Amino acid sequence: MSDSKAIFLKDAAVNAADGDQRAFIRKALGGYYVNRDLQKARYRDWERARDAASLAKWSAVNDLAAVLEQFVANFERNGGVVHWARDAAEARDIILKIAADNQAKAIVKSKCMTSEEIHLNDALEKAGYGVVESDLGEFIQQLRGEAPYHFVFPCMHVKREAISELFTKHLGTAPTDSPEELTMIARRHLRQLYVDADIGITGANFLVAETGQISITENEGNARLTAALPRIHVALSGIEKVVRHLDDLSVLLPMLATAGAGQPMTCYNTLYSGPRKEGECDGPEQFHLVLLDNSRTRLLADPEQRDALHCIRCGACLNVCPIFKNIGGLAYGTTYQGPIGSVITPHLRGLKQWNHLSGASSLCGACTDACPVRIDLHHHLLHNRRNAAKEAPTLFDRVFHHGFNFVIKRPWLFAAGGRIFRATLPLLQKLPLPYMGAWMKTRDLPEAPARSFRDQWKNPDA
Amino acid sequence: MPDARSDIFARIREALKVKAPRPHLKGEPVAGKTSAAAKPWLPDGGESAEASLAILAEQLAKLKAMLIRVPDHASAAKAVAELAAAKNWKKVAYHGHPLLRPVAAALPCEAWEADASFEKQRLEGCDAGLTTCESIVAQLGAILVSSASSGGRALSILPHAHVVVAEAAQVVPDLGSALALAKARHGDQMPSMLSFITGPSRTGDIERILVLGAHGPKELYLVLVG
């Protein structure tokens, strides 16, 4: 068993048994379901809109080389500097070098899951830079020393009392149980940090090839401030975020907000096309963009699952997933949680260590239905299971599947097996079945029917 | 060893040698015309100017943004002055635009043309930022500001309140129209920032409970002339 699997099984068992926490998560998501449905109802045809969104991403991802080249040419023409990173280490080195070259001291960040993927904060802190997460949820998680619980709602599992205690401990503020007051504490604390920071680091939701702009989606205004006040703006993005046309955003931006947060649009959807231009009064002097591969091309090379690169990170699949709601986001141990995380993590970090996530699904398909860009999520979980069994079959795969295959092709053997099983079931019920492991902990063996299904089918009246 | 850029492009070209099937879509999409194809499926932005204005008013109300409709520019100046007095604003920063200078002159408090002598610490101390905008999207209640139309990047985000003065003719039905208009107006000389503002800044990060004024303005006012 891989380490990540052992940790996952342990955490999932603990969390699934915590009824109080599960109820808290369900309640937190309650408002989302109501607002999402209200906003979806404003679409004159949500299903067809999903087709359009999916096609816009398909069209860019399946011509990625040409579309990226066009994007980069336009981005550079606008005065930005592009850096290429094959993996996480290269991306970290590039950003460390930008900070060192500019004698930076303080760095302010807005929410960027790609930076979590490359463990950027650790690297910057080790190198002696002060790094502050400015998104409220990420700020809270940074103070807690914990990874985000949900890649859109990072601290949705933390109760207000715990946040109040955290602020009292780290910021010296008076305790309060008001979410509004807690938000204002963070607002006051972070304001001066934007003004003082040398570098602002953001992510990117879309890279627009036609115009060379990057698009950033947010609600709080922290990304806007991060890209306005520091003298250097560094954006970090996966290479798959590219779209062909500015016009594609007319579908993608509203759908991202509706699917992800139940909003018509998020508060701020901002397009940046370079550093401060001549005649503009503010904005950064330098604009850097780090384009990251980090195994995305490995996913690209699998035409069956290539559509997982269409993901716009709205988080809708997490919000509807019964597994996510029961085991919580931290149990996954991944940068991207929930169904999309279970699909892509084995590609990004290795199938052998992460295939167990393919089983973290009831295959109900709620994720696939929720996805605004129509990623076939639950089937991809099956594809990963199949690929894992092909790549490195376990003893169970070999013995059970070959055995099953042998028996099912021989009806007489199958019938004989059934008779033996029905006869011995009362005995099996009395035995401890340690080899059935976790399955038997919460389940009993059923009563044996008197006749087999095949027999009942042939002689219904007997 | 080849550089990272060539390596990544080589990996992409290799990966795309095998084609992936196109997603199901009735009808052929036209390059760069996603919005035209998707228009009948997306939320309605109104077929007439009047219909668009009605949708806009409804969206802004839901977003908790304040819409103030006035007949002419003189009334706009009066409305902003009343707002400043009611909210007890001491310092208002404004974008040096011909339409805004008279509005700023009528303010009952200190008014500072922020883009003429930009200073971030001073801007942080202002109660409100006063800007124009590029266009207004009825469909979503979104106001498109840019570093060109709104006195740079910080003026529309750093002060505690944001007041936009615009003309009713700037209202467009949907997001596709606003993007097309920005492209037509700026061509390949886009302002370094274009930002769709959809209501006052907000967060739901604590227990998914909505709080207005996370890092950006707590209050958003659209003064619409005509």
# chains A, B, ... in the order shown; residues from 1 in each chain; ligands from 1
>>> residues_around(residues="Glu116 (chain A)", least_positions_apart="6", cutoff="10 Å", atoms="only C-alpha atoms", output="PyMOL selection string")
chain A and resi 122+147-148+151+334-336
>>> closest_atom_pairs(of="chain B", to="chain A", cutoff="7 Å", atoms="only C-alpha atoms", output="tab-separated table")
residue	atom	partner	partner_atom	distance
B:Ala4	CA	A:Trp84	CA	5.7
B:Arg5	CA	A:Trp84	CA	5.5
B:Ile8	CA	A:Arg86	CA	6.6
B:Phe9	CA	A:Ala65	CA	6.3
B:Arg11	CA	A:Thr297	CA	6.2
B:Ile12	CA	A:Thr297	CA	5.9
B:Arg13	CA	A:Ala65	CA	6.6
B:Ala15	CA	A:Ala301	CA	3.9
B:Leu16	CA	A:Ala301	CA	6.4
B:Val18	CA	A:Pro303	CA	6.6
B:Lys19	CA	A:Pro303	CA	6.4
B:Ala20	CA	A:Pro303	CA	4.9
B:Pro23	CA	A:Leu55	CA	6.2
B:His24	CA	A:Asp51	CA	6.8
B:Leu25	CA	A:Asp51	CA	5.8
B:Gly32	CA	A:His245	CA	5.4
B:Lys33	CA	A:Asp247	CA	6.5
B:Thr34	CA	A:Asp248	CA	5.5
B:Ser35	CA	A:Ser250	CA	5.8
B:Ala38	CA	A:Ala49	CA	6.1
B:Pro40	CA	A:Arg44	CA	6.6
B:Trp41	CA	A:Asp45	CA	4.3
B:Leu42	CA	A:Tyr43	CA	4.7
B:Pro43	CA	A:Tyr43	CA	4.3
B:Asp115	CA	A:Cys281	CA	5.4
B:Phe118	CA	A:Cys281	CA	6.1
B:Lys120	CA	A:Val195	CA	6.8
B:Gln121	CA	A:Val195	CA	6.9
B:Leu140	CA	A:Pro264	CA	5.9
B:Ser147	CA	A:Glu280	CA	6.8
B:Gly152	CA	A:Asp282	CA	5.6
B:Arg153	CA	A:Ala228	CA	5.5
B:Ala154	CA	A:Ala228	CA	5.7
B:Ile157	CA	A:Gly221	CA	6.8
B:Leu175	CA	A:Ser250	CA	5.2
B:Gly176	CA	A:Ser250	CA	4.9
B:Leu179	CA	A:Asp247	CA	6.5
B:Ser192	CA	A:Ser273	CA	4.8
B:Met193	CA	A:Tyr272	CA	4.7
B:Leu194	CA	A:Leu271	CA	5.0
B:Ser195	CA	A:Thr270	CA	4.1
B:Phe196	CA	A:Asn269	CA	5.1
B:Ile197	CA	A:Tyr268	CA	4.9
B:Thr198	CA	A:Cys267	CA	4.3
B:Gly199	CA	A:Cys267	CA	5.7
B:Pro200	CA	A:Cys267	CA	6.9
B:Ser201	CA	A:Glu220	CA	5.0
B:Arg202	CA	A:Glu220	CA	5.1
B:Thr203	CA	A:Glu220	CA	5.7
B:Asp205	CA	A:Gly137	CA	5.3
B:Ile206	CA	A:Pro179	CA	6.0
B:Glu207	CA	A:Met156	CA	5.6
B:Arg208	CA	A:Ala28	CA	5.5
B:Val211	CA	A:Glu180	CA	5.6
B:Ala214	CA	A:Glu220	CA	5.0
B:His215	CA	A:Gly221	CA	5.2
B:Gly216	CA	A:Gly221	CA	4.7
>>> closest_residue(among="A:Ala60, A:Tyr332, A:Thr258, A:Pro432", to="Arg22 (chain B)", atoms="only C-alpha atoms")
A:Ala60
>>> residues_around(residues="Gly46 (chain B)", least_positions_apart="2", cutoff="7 Å", atoms="only C-alpha atoms", output="list in words")
Asp44, Ser48, Ala51, Ser52, Ile55 and Pro173 of chain B
>>> write_last_selection(atoms="N, CA and C atoms", output="compact mmCIF listing (two decimals), in the first residue's frame")
# COMPACT_ATOMS: atom_id res chain seq x y z
N ASP B 44 -30.58 36.21 -20.36
CA ASP B 44 -31.07 37.28 -21.22
C ASP B 44 -30.45 38.63 -20.82
N SER B 48 -34.01 45.24 -26.29
CA SER B 48 -34.08 46.69 -26.54
C SER B 48 -33.35 47.40 -25.41
N ALA B 51 -35.41 47.26 -22.27
CA ALA B 51 -35.39 45.94 -21.63
C ALA B 51 -34.06 45.72 -20.91
N SER B 52 -32.97 46.13 -21.56
CA SER B 52 -31.65 45.97 -20.95
C SER B 52 -31.55 46.75 -19.64
N ILE B 55 -33.35 44.91 -16.88
CA ILE B 55 -32.58 43.76 -16.40
C ILE B 55 -31.41 44.23 -15.54
N PRO B 173 -26.16 44.88 -23.89
CA PRO B 173 -26.98 43.77 -23.39
C PRO B 173 -26.16 42.68 -22.66
>>> residues_around(residues="Gly341 (chain A)", least_positions_apart="2", cutoff="10 Å", atoms="only C-alpha atoms", output="short mmCIF file (atom, residue, chain, number, x, y, z; two decimals) with all heavy atoms, in the first residue's frame")
data_model
loop_
_atom_site.label_atom_id
_atom_site.label_comp_id
_atom_site.auth_asym_id
_atom_site.auth_seq_id
_atom_site.Cartn_x
_atom_site.Cartn_y
_atom_site.Cartn_z
N PHE A 151 -10.53 23.66 -3.20
CA PHE A 151 -9.71 24.60 -3.95
C PHE A 151 -10.42 25.91 -4.31
O PHE A 151 -9.78 26.84 -4.79
CB PHE A 151 -9.01 23.95 -5.16
CG PHE A 151 -9.90 23.32 -6.20
CD1 PHE A 151 -10.61 24.10 -7.08
CD2 PHE A 151 -9.97 21.94 -6.33
CE1 PHE A 151 -11.41 23.52 -8.06
CE2 PHE A 151 -10.76 21.34 -7.30
CZ PHE A 151 -11.49 22.14 -8.17
N ALA A 308 -9.90 16.28 -19.31
CA ALA A 308 -9.70 16.73 -17.92
C ALA A 308 -8.91 18.05 -17.91
O ALA A 308 -8.95 18.80 -16.93
CB ALA A 308 -8.97 15.67 -17.11
N CYS A 317 -17.75 20.12 -9.00
CA CYS A 317 -17.76 18.66 -8.79
C CYS A 317 -17.51 18.31 -7.32
O CYS A 317 -18.00 17.28 -6.83
CB CYS A 317 -16.78 17.96 -9.72
SG CYS A 317 -15.06 18.49 -9.60
N LEU A 318 -16.77 19.14 -6.61
CA LEU A 318 -16.55 18.89 -5.17
C LEU A 318 -17.85 19.12 -4.41
O LEU A 318 -18.22 18.34 -3.53
CB LEU A 318 -15.50 19.85 -4.60
CG LEU A 318 -14.02 19.57 -4.84
CD1 LEU A 318 -13.67 19.71 -6.31
CD2 LEU A 318 -13.17 20.50 -4.01
N TYR A 332 -7.91 13.88 1.04
CA TYR A 332 -7.37 13.54 -0.29
C TYR A 332 -5.85 13.63 -0.32
O TYR A 332 -5.19 12.89 -1.03
CB TYR A 332 -7.96 14.46 -1.36
CG TYR A 332 -9.41 14.17 -1.68
CD1 TYR A 332 -10.44 14.69 -0.90
CD2 TYR A 332 -9.76 13.39 -2.78
CE1 TYR A 332 -11.77 14.44 -1.19
CE2 TYR A 332 -11.08 13.14 -3.09
CZ TYR A 332 -12.10 13.66 -2.29
OH TYR A 332 -13.41 13.41 -2.59
N GLY A 333 -5.31 14.59 0.44
CA GLY A 333 -3.85 14.77 0.44
C GLY A 333 -3.32 15.30 -0.88
O GLY A 333 -2.15 15.13 -1.22
N THR A 334 -4.19 15.97 -1.66
CA THR A 334 -3.82 16.44 -3.00
C THR A 334 -4.00 17.96 -3.07
O THR A 334 -4.66 18.54 -2.22
CB THR A 334 -4.74 15.82 -4.07
OG1 THR A 334 -6.10 16.15 -3.71
CG2 THR A 334 -4.62 14.31 -4.11
N THR A 335 -3.43 18.59 -4.10
CA THR A 335 -3.66 20.01 -4.31
C THR A 335 -5.11 20.24 -4.75
O THR A 335 -5.75 21.18 -4.34
CB THR A 335 -2.73 20.54 -5.42
OG1 THR A 335 -1.40 20.17 -5.08
CG2 THR A 335 -2.83 22.04 -5.55
N TYR A 336 -5.58 19.36 -5.63
CA TYR A 336 -6.93 19.46 -6.17
C TYR A 336 -7.74 18.33 -5.57
O TYR A 336 -7.40 17.15 -5.74
CB TYR A 336 -6.91 19.38 -7.70
CG TYR A 336 -5.94 20.38 -8.29
CD1 TYR A 336 -4.68 19.97 -8.75
CD2 TYR A 336 -6.25 21.72 -8.35
CE1 TYR A 336 -3.77 20.90 -9.26
CE2 TYR A 336 -5.34 22.65 -8.85
CZ TYR A 336 -4.10 22.23 -9.31
OH TYR A 336 -3.20 23.14 -9.80
N GLN A 337 -8.81 18.69 -4.83
CA GLN A 337 -9.57 17.67 -4.13
C GLN A 337 -10.75 17.22 -4.99
O GLN A 337 -10.95 17.70 -6.08
CB GLN A 337 -10.10 18.24 -2.80
CG GLN A 337 -9.07 18.92 -1.90
CD GLN A 337 -8.74 20.34 -2.33
OE1 GLN A 337 -9.45 20.93 -3.13
NE2 GLN A 337 -7.65 20.88 -1.81
N GLY A 338 -11.54 16.32 -4.43
CA GLY A 338 -12.80 15.94 -5.07
C GLY A 338 -12.60 15.16 -6.36
O GLY A 338 -11.48 14.71 -6.66
N PRO A 339 -13.67 15.01 -7.14
CA PRO A 339 -13.60 14.19 -8.36
C PRO A 339 -12.50 14.62 -9.34
O PRO A 339 -11.74 13.78 -9.81
CB PRO A 339 -14.99 14.36 -8.97
CG PRO A 339 -15.87 14.62 -7.79
CD PRO A 339 -15.06 15.43 -6.84
N VAL A 343 -9.23 12.41 -10.51
CA VAL A 343 -8.94 12.07 -11.91
C VAL A 343 -7.52 12.50 -12.29
O VAL A 343 -6.76 11.72 -12.86
CB VAL A 343 -9.96 12.73 -12.87
CG1 VAL A 343 -9.50 12.65 -14.31
CG2 VAL A 343 -11.32 12.07 -12.72
N ILE A 344 -7.14 13.74 -11.97
CA ILE A 344 -5.87 14.24 -12.52
C ILE A 344 -4.66 13.93 -11.65
O ILE A 344 -3.55 13.84 -12.17
CB ILE A 344 -5.93 15.76 -12.84
CG1 ILE A 344 -6.12 16.60 -11.58
CG2 ILE A 344 -7.00 16.06 -13.87
CD1 ILE A 344 -6.08 18.12 -11.86
N THR A 345 -4.83 13.77 -10.34
CA THR A 345 -3.66 13.55 -9.49
C THR A 345 -2.84 12.32 -9.91
O THR A 345 -1.61 12.39 -9.94
CB THR A 345 -4.06 13.48 -8.00
OG1 THR A 345 -4.79 14.67 -7.69
CG2 THR A 345 -2.85 13.39 -7.10
N PRO A 346 -3.48 11.19 -10.25
CA PRO A 346 -2.66 10.06 -10.71
C PRO A 346 -1.82 10.39 -11.95
O PRO A 346 -0.73 9.85 -12.12
CB PRO A 346 -3.70 8.98 -11.03
CG PRO A 346 -4.87 9.31 -10.17
CD PRO A 346 -4.90 10.81 -10.13
N HIS A 347 -2.32 11.31 -12.80
CA HIS A 347 -1.53 11.71 -13.97
C HIS A 347 -0.39 12.64 -13.56
O HIS A 347 0.70 12.59 -14.11
CB HIS A 347 -2.42 12.42 -14.99
CG HIS A 347 -3.41 11.51 -15.64
ND1 HIS A 347 -3.15 10.84 -16.81
CD2 HIS A 347 -4.65 11.14 -15.25
CE1 HIS A 347 -4.21 10.11 -17.12
NE2 HIS A 347 -5.13 10.27 -16.18
N LEU A 348 -0.69 13.54 -12.59
CA LEU A 348 0.31 14.54 -12.21
C LEU A 348 1.38 13.94 -11.29
O LEU A 348 2.54 14.34 -11.34
CB LEU A 348 -0.35 15.74 -11.52
CG LEU A 348 -1.47 16.46 -12.30
CD1 LEU A 348 -2.00 17.65 -11.51
CD2 LEU A 348 -0.99 16.93 -13.68
N LEU A 357 -7.43 6.91 -5.19
CA LEU A 357 -8.45 7.96 -5.31
C LEU A 357 -9.52 7.59 -6.35
O LEU A 357 -10.64 8.08 -6.28
CB LEU A 357 -7.80 9.30 -5.67
CG LEU A 357 -6.90 9.91 -4.59
CD1 LEU A 357 -6.34 11.24 -5.09
CD2 LEU A 357 -7.66 10.12 -3.29
N SER A 358 -9.15 6.72 -7.30
CA SER A 358 -10.13 6.29 -8.30
C SER A 358 -11.26 5.52 -7.64
O SER A 358 -12.36 5.41 -8.19
CB SER A 358 -9.48 5.40 -9.36
OG SER A 358 -8.26 5.94 -9.77
N LEU A 377 -16.08 13.00 -15.77
CA LEU A 377 -15.29 12.70 -14.57
C LEU A 377 -15.44 11.28 -14.06
O LEU A 377 -14.44 10.60 -13.81
CB LEU A 377 -15.67 13.70 -13.46
CG LEU A 377 -15.16 15.12 -13.72
CD1 LEU A 377 -15.98 16.14 -12.96
CD2 LEU A 377 -13.69 15.23 -13.33
#
>>> residues_around(residues="Ser156 (chain B)", least_positions_apart="6", cutoff="7 Å", atoms="only C-alpha atoms", output="mmCIF file with N, CA and C atoms, in the first residue's frame")
data_model
loop_
_atom_site.group_PDB
_atom_site.id
_atom_site.type_symbol
_atom_site.label_atom_id
_atom_site.label_comp_id
_atom_site.auth_asym_id
_atom_site.auth_seq_id
_atom_site.Cartn_x
_atom_site.Cartn_y
_atom_site.Cartn_z
ATOM 1 N N GLY B 129 -13.742 56.342 -4.279
ATOM 2 C CA GLY B 129 -13.102 56.561 -5.574
ATOM 3 C C GLY B 129 -14.198 56.843 -6.588
ATOM 4 N N SER B 150 -10.696 54.540 -15.811
ATOM 5 C CA SER B 150 -10.975 54.637 -14.387
ATOM 6 C C SER B 150 -9.765 55.040 -13.565
ATOM 7 N N HIS B 162 -16.941 52.878 -4.104
ATOM 8 C CA HIS B 162 -16.639 53.154 -5.506
ATOM 9 C C HIS B 162 -17.892 53.739 -6.158
#
>>> select_by_dssp(residues="region 166-396 of chain A", states="alpha helix (DSSP H)", output="VMD selection string")
chain A and resid 166 to 171 179 to 196 222 to 226 249 to 261 296 to 300 316 to 320 322 to 327 338 to 349 351 to 354 366 to 370 377 to 391 395 to 396
>>> residues_around(residues="Val320 (chain A)", least_positions_apart="2", cutoff="12 Å", atoms="only C-alpha atoms", output="ChimeraX atom specification")
/A:25-26,29-30,32-33,36,259-260,315-318,322-326,338-340,361-362,364-371
>>> residues_around(residues="Glu113 (chain B)", least_positions_apart="2", cutoff="9 Å", atoms="only C-alpha atoms", output="short mmCIF file (atom, residue, chain, number, x, y, z; two decimals) with N, CA and C atoms, in the first residue's frame")
data_model
loop_
_atom_site.label_atom_id
_atom_site.label_comp_id
_atom_site.auth_asym_id
_atom_site.auth_seq_id
_atom_site.Cartn_x
_atom_site.Cartn_y
_atom_site.Cartn_z
N VAL B 92 -12.41 62.25 -1.22
CA VAL B 92 -12.82 61.46 -2.39
C VAL B 92 -11.74 61.61 -3.46
N ALA B 93 -11.26 60.47 -3.97
CA ALA B 93 -10.29 60.50 -5.06
C ALA B 93 -11.04 60.32 -6.37
N TYR B 94 -10.67 61.08 -7.40
CA TYR B 94 -11.39 60.92 -8.66
C TYR B 94 -10.44 60.84 -9.85
N HIS B 95 -10.96 60.24 -10.92
CA HIS B 95 -10.23 60.11 -12.17
C HIS B 95 -10.38 61.43 -12.94
N GLY B 96 -9.27 61.97 -13.43
CA GLY B 96 -9.31 63.25 -14.12
C GLY B 96 -9.92 63.16 -15.50
N ARG B 101 -14.75 65.98 -13.58
CA ARG B 101 -14.23 67.19 -12.91
C ARG B 101 -15.35 68.05 -12.32
N ALA B 104 -16.62 66.34 -9.23
CA ALA B 104 -15.69 66.49 -8.12
C ALA B 104 -15.77 67.90 -7.54
N ALA B 111 -11.57 66.82 -2.55
CA ALA B 111 -11.54 66.00 -3.76
C ALA B 111 -10.13 66.04 -4.34
N ASP B 115 -5.20 60.37 -10.45
CA ASP B 115 -4.28 59.94 -11.52
C ASP B 115 -3.29 61.03 -11.92
N ALA B 116 -3.53 62.27 -11.46
CA ALA B 116 -2.59 63.33 -11.80
C ALA B 116 -1.30 63.21 -10.97
N SER B 117 -1.43 62.78 -9.71
CA SER B 117 -0.26 62.66 -8.85
C SER B 117 -0.41 61.41 -7.97
N PHE B 118 -0.35 60.25 -8.62
CA PHE B 118 -0.70 59.00 -7.93
C PHE B 118 0.20 58.73 -6.73
N GLY B 151 -8.90 55.84 -14.16
CA GLY B 151 -7.78 56.39 -13.40
C GLY B 151 -6.83 55.33 -12.89
#
>>> select_by_dssp(residues="region 57-224 of chain B", states="strand (DSSP E or B)", output="number ranges by chain")
B: 66-70, 91-94, 110-113, 128-131, 135-137, 142-146, 161-167, 171-172, 193-197, 202-203, 211-212, 219-224
>>> closest_residue(among="B:Ala79, B:Ala36, B:Met190, B:Leu63", to="Leu212 (chain B)", atoms="only C-alpha atoms")
B:Leu63
>>> atom_distance(atom1="CA of Ala91 (chain A)", atom2="CA of Ala127 (chain A)")
14.6 Å
>>> atom_distance(atom1="CA of Val290 (chain A)", atom2="CA of Gly200 (chain A)")
13.3 Å
